[in-house]
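For reference, the structure discussed in these notes is given below.
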Amino acid sequence: KLLAAIGRSGPMVRHDGETLSFKQFTDILKSADKASTTTLSFKDCAISGTVGTIKKKKASLEPVARFAKVAILNFKNNQFAGDLSPLVSLVNLVSLDLSSCHQLTGTLDPLARLTKLININVFSCLGLTGDLFALRSLFELARLNVSYCKSVKVNLRALENLTKLERVDIFGCNPNAGVAAFRARHPNCVIAAPANAT
């Protein structure tokens with residue numbers, strides 16, 4: 001499904017499993033083709049630290065903002081700080097995996113403009129806050145994982161009009177409101193939730 005949404009794949013920047021400092025990460029992105037790269041994958045790289053000597057910048061998502069053609073972004077298990085606002089310009093994004101990026105902060109609101117998104121995985125992004133209402137216009141969304149985003153208010157009523165949803169993971173979230181109504185409206189969508197979720 002993702003490949004069909006992307007169409008013909010362009011250049012990829014892939015460094016999965018390599019331990020990288022934030023400086024190494026930014027150097028790699030500086031040399032990448034920002035105009036045509038469709039995949040950025042740095043999963044399990046433990047990216048952290050700062051760059052710069054006088055004005056130190058913490059590891060953030062800021063360096064990806066210029067990659068307008070990116071469709072797949074997999075930054076699972078890194079230590080990026082800051083919020084999701086640098087992603088606003090990635091209007092071609094169809095798959096976003098920031099799972100286990102515990103240092104990320106802010107809300108999901110910057111994702112509201114990314115209307116091509118099919119997959120969002122922010123599992124265990126402990127610093128994220130807000131609610132799911134920013135996602136209510138992502139009509140292509142098929143998979144959403146917000147499990148263990150303990151400060152995100154999960155009310156599935158926000159997602160009622162997303163008819164393409166196939167799976168929603170909300171373990172470890174509180175409260176889990178609107179689950180029963182959502183199940184009734186979307187009987188084919190798998191909802192991975194605690195047994196007591198209403």
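In the structure tokens, each chain is lettered A, B, ... as it comes, each chain's residues begin at 1, and ligands are numbered from 1 in order of appearance.
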Notebook entry, point to check: Using the chain letters and numbers from this document, which residues of chain A does DSSP assign to helix (DSSP H, G or I), as a PyMOL selection string?
Noted result: chain A and resi 2-6+22-31+62-64+85-89+109-113+133-135+156-159+179-185
Next item on the list: Please give the complete set of residues from chain A that DSSP, run on the backbone, assigns to strand (DSSP E), formatted as a PyMOL selection string.
Entry: chain A and resi 12-14+39-41+50-51+57-58+72-74+95-97+119-121+130-131+143-145+152-155+167-169+176-177+190-192
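For Pro110 (chain A), the residues within 6 Å (counting only C-alpha atoms, excluding itself and residues fewer than 2 positions away along the chain) are Ser85, Val88, Leu108 and Ala112 of chain A.
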Take the selection from the previous step and output its residues with C-alpha atoms, as a compact mmCIF listing (two decimals), in the first residue's frame.
# COMPACT_ATOMS: atom_id res chain seq x y z
CA SER A 85 7.05 21.45 13.53
CA VAL A 88 5.15 20.61 8.28
CA LEU A 108 0.62 16.16 16.88
CA ALA A 112 -2.50 18.08 10.25
Check: Which residue out of A:Lys58, A:Arg167, A:Lys153, A:Arg185 has the minimum interatomic distance to Gln103 (chain A) when only C-alpha atoms are used?
Finding: A:Lys58
Check: What is the distance between CA of Gln24 (chain A) and CA of Leu117 (chain A), in Å to one decimal?
Finding: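 Computed distance, CA of Gln24 (chain A) to CA of Leu117 (chain A), equals 28.1 Å.
Contact shell of Gly49 (chain A) at 9 Å (only C-alpha atoms; same-chain neighbours under 6 positions omitted): Ser21, Phe22, Lys23, Lys57, Lys58, Ala59, Gln79 and Phe80 of chain A.
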Only N, CA and C atoms, please: the residues just picked out, written as a short mmCIF file (atom, residue, chain, number, x, y, z; two decimals), in the first residue's frame.
data_model
loop_
_atom_site.label_atom_id
_atom_site.label_comp_id
_atom_site.auth_asym_id
_atom_site.auth_seq_id
_atom_site.Cartn_x
_atom_site.Cartn_y
_atom_site.Cartn_z
N SER A 21 26.26 10.46 15.76
CA SER A 21 26.05 11.69 16.53
C SER A 21 25.13 12.59 15.71
N PHE A 22 24.60 13.63 16.33
CA PHE A 22 23.75 14.57 15.60
C PHE A 22 24.55 15.25 14.50
N LYS A 23 25.82 15.53 14.75
CA LYS A 23 26.67 16.15 13.73
C LYS A 23 26.83 15.23 12.53
N LYS A 57 23.21 23.38 18.97
CA LYS A 57 21.85 22.96 18.63
C LYS A 57 21.68 21.51 19.06
N LYS A 58 20.61 21.24 19.80
CA LYS A 58 20.32 19.86 20.19
C LYS A 58 19.81 19.07 19.00
N ALA A 59 19.97 17.76 19.08
CA ALA A 59 19.47 16.88 18.04
C ALA A 59 17.98 17.13 17.86
N GLN A 79 17.24 9.93 19.74
CA GLN A 79 17.04 10.87 20.85
C GLN A 79 16.87 12.31 20.37
N PHE A 80 16.00 12.49 19.37
CA PHE A 80 15.72 13.84 18.89
C PHE A 80 14.97 14.62 19.97
#
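For the atom pair formed by CA of Leu138 (chain A) and CA of Arg113 (chain A), the distance is 8.1 Å, given to one decimal.
For the choices A:Leu111, A:Met12, A:Ala181, A:Ala46, the atom-to-atom distance to Phe25 (chain A) is smallest for A:Ala46 when using only C-alpha atoms.
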Note to self: So that I can see what lies close to region 187-195 of chain A, please list as a PyMOL selection string the residues with an atom at most 12 Å from it, counting only C-alpha atoms and leaving out residues fewer than 3 positions away in the same chain.
What the structure shows: chain A and resi 141-148+154+156+159-160+162-184+198
Check: When you draw a straight line from CA of Ala35 (chain A) to CA of Gly17 (chain A), how long is it in Å?
Finding: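 Spanning CA of Ala35 (chain A) to CA of Gly17 (chain A) is a straight-line distance of 25.2 Å.
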Notebook entry, point to check: With only C-alpha atoms as the basis for distance, which of A:Thr107, A:Val13, A:Leu73, A:His102 is at the shortest distance from Lys34 (chain A)?
Noted result: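 The closest residue to Lys34 (chain A) is A:Val13.
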Next item on the list: Pick out the residues sitting within 8 Å of Phe67 (chain A), and hand them over as a list in words; count only C-alpha atoms, and ignore anything fewer than 3 positions along from it in its own chain.
Entry: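 Skipping anything fewer than 3 positions along the chain leaves Lys34, Ala35, Ser36, Thr37, Val64, Val70 and Leu90 of chain A.
Minimum atom-to-atom distance to Asp109 (chain A), evaluated using only C-alpha atoms, belongs to A:Thr129 out of A:Asn155, A:Thr129, A:Ser124, A:Asn77.
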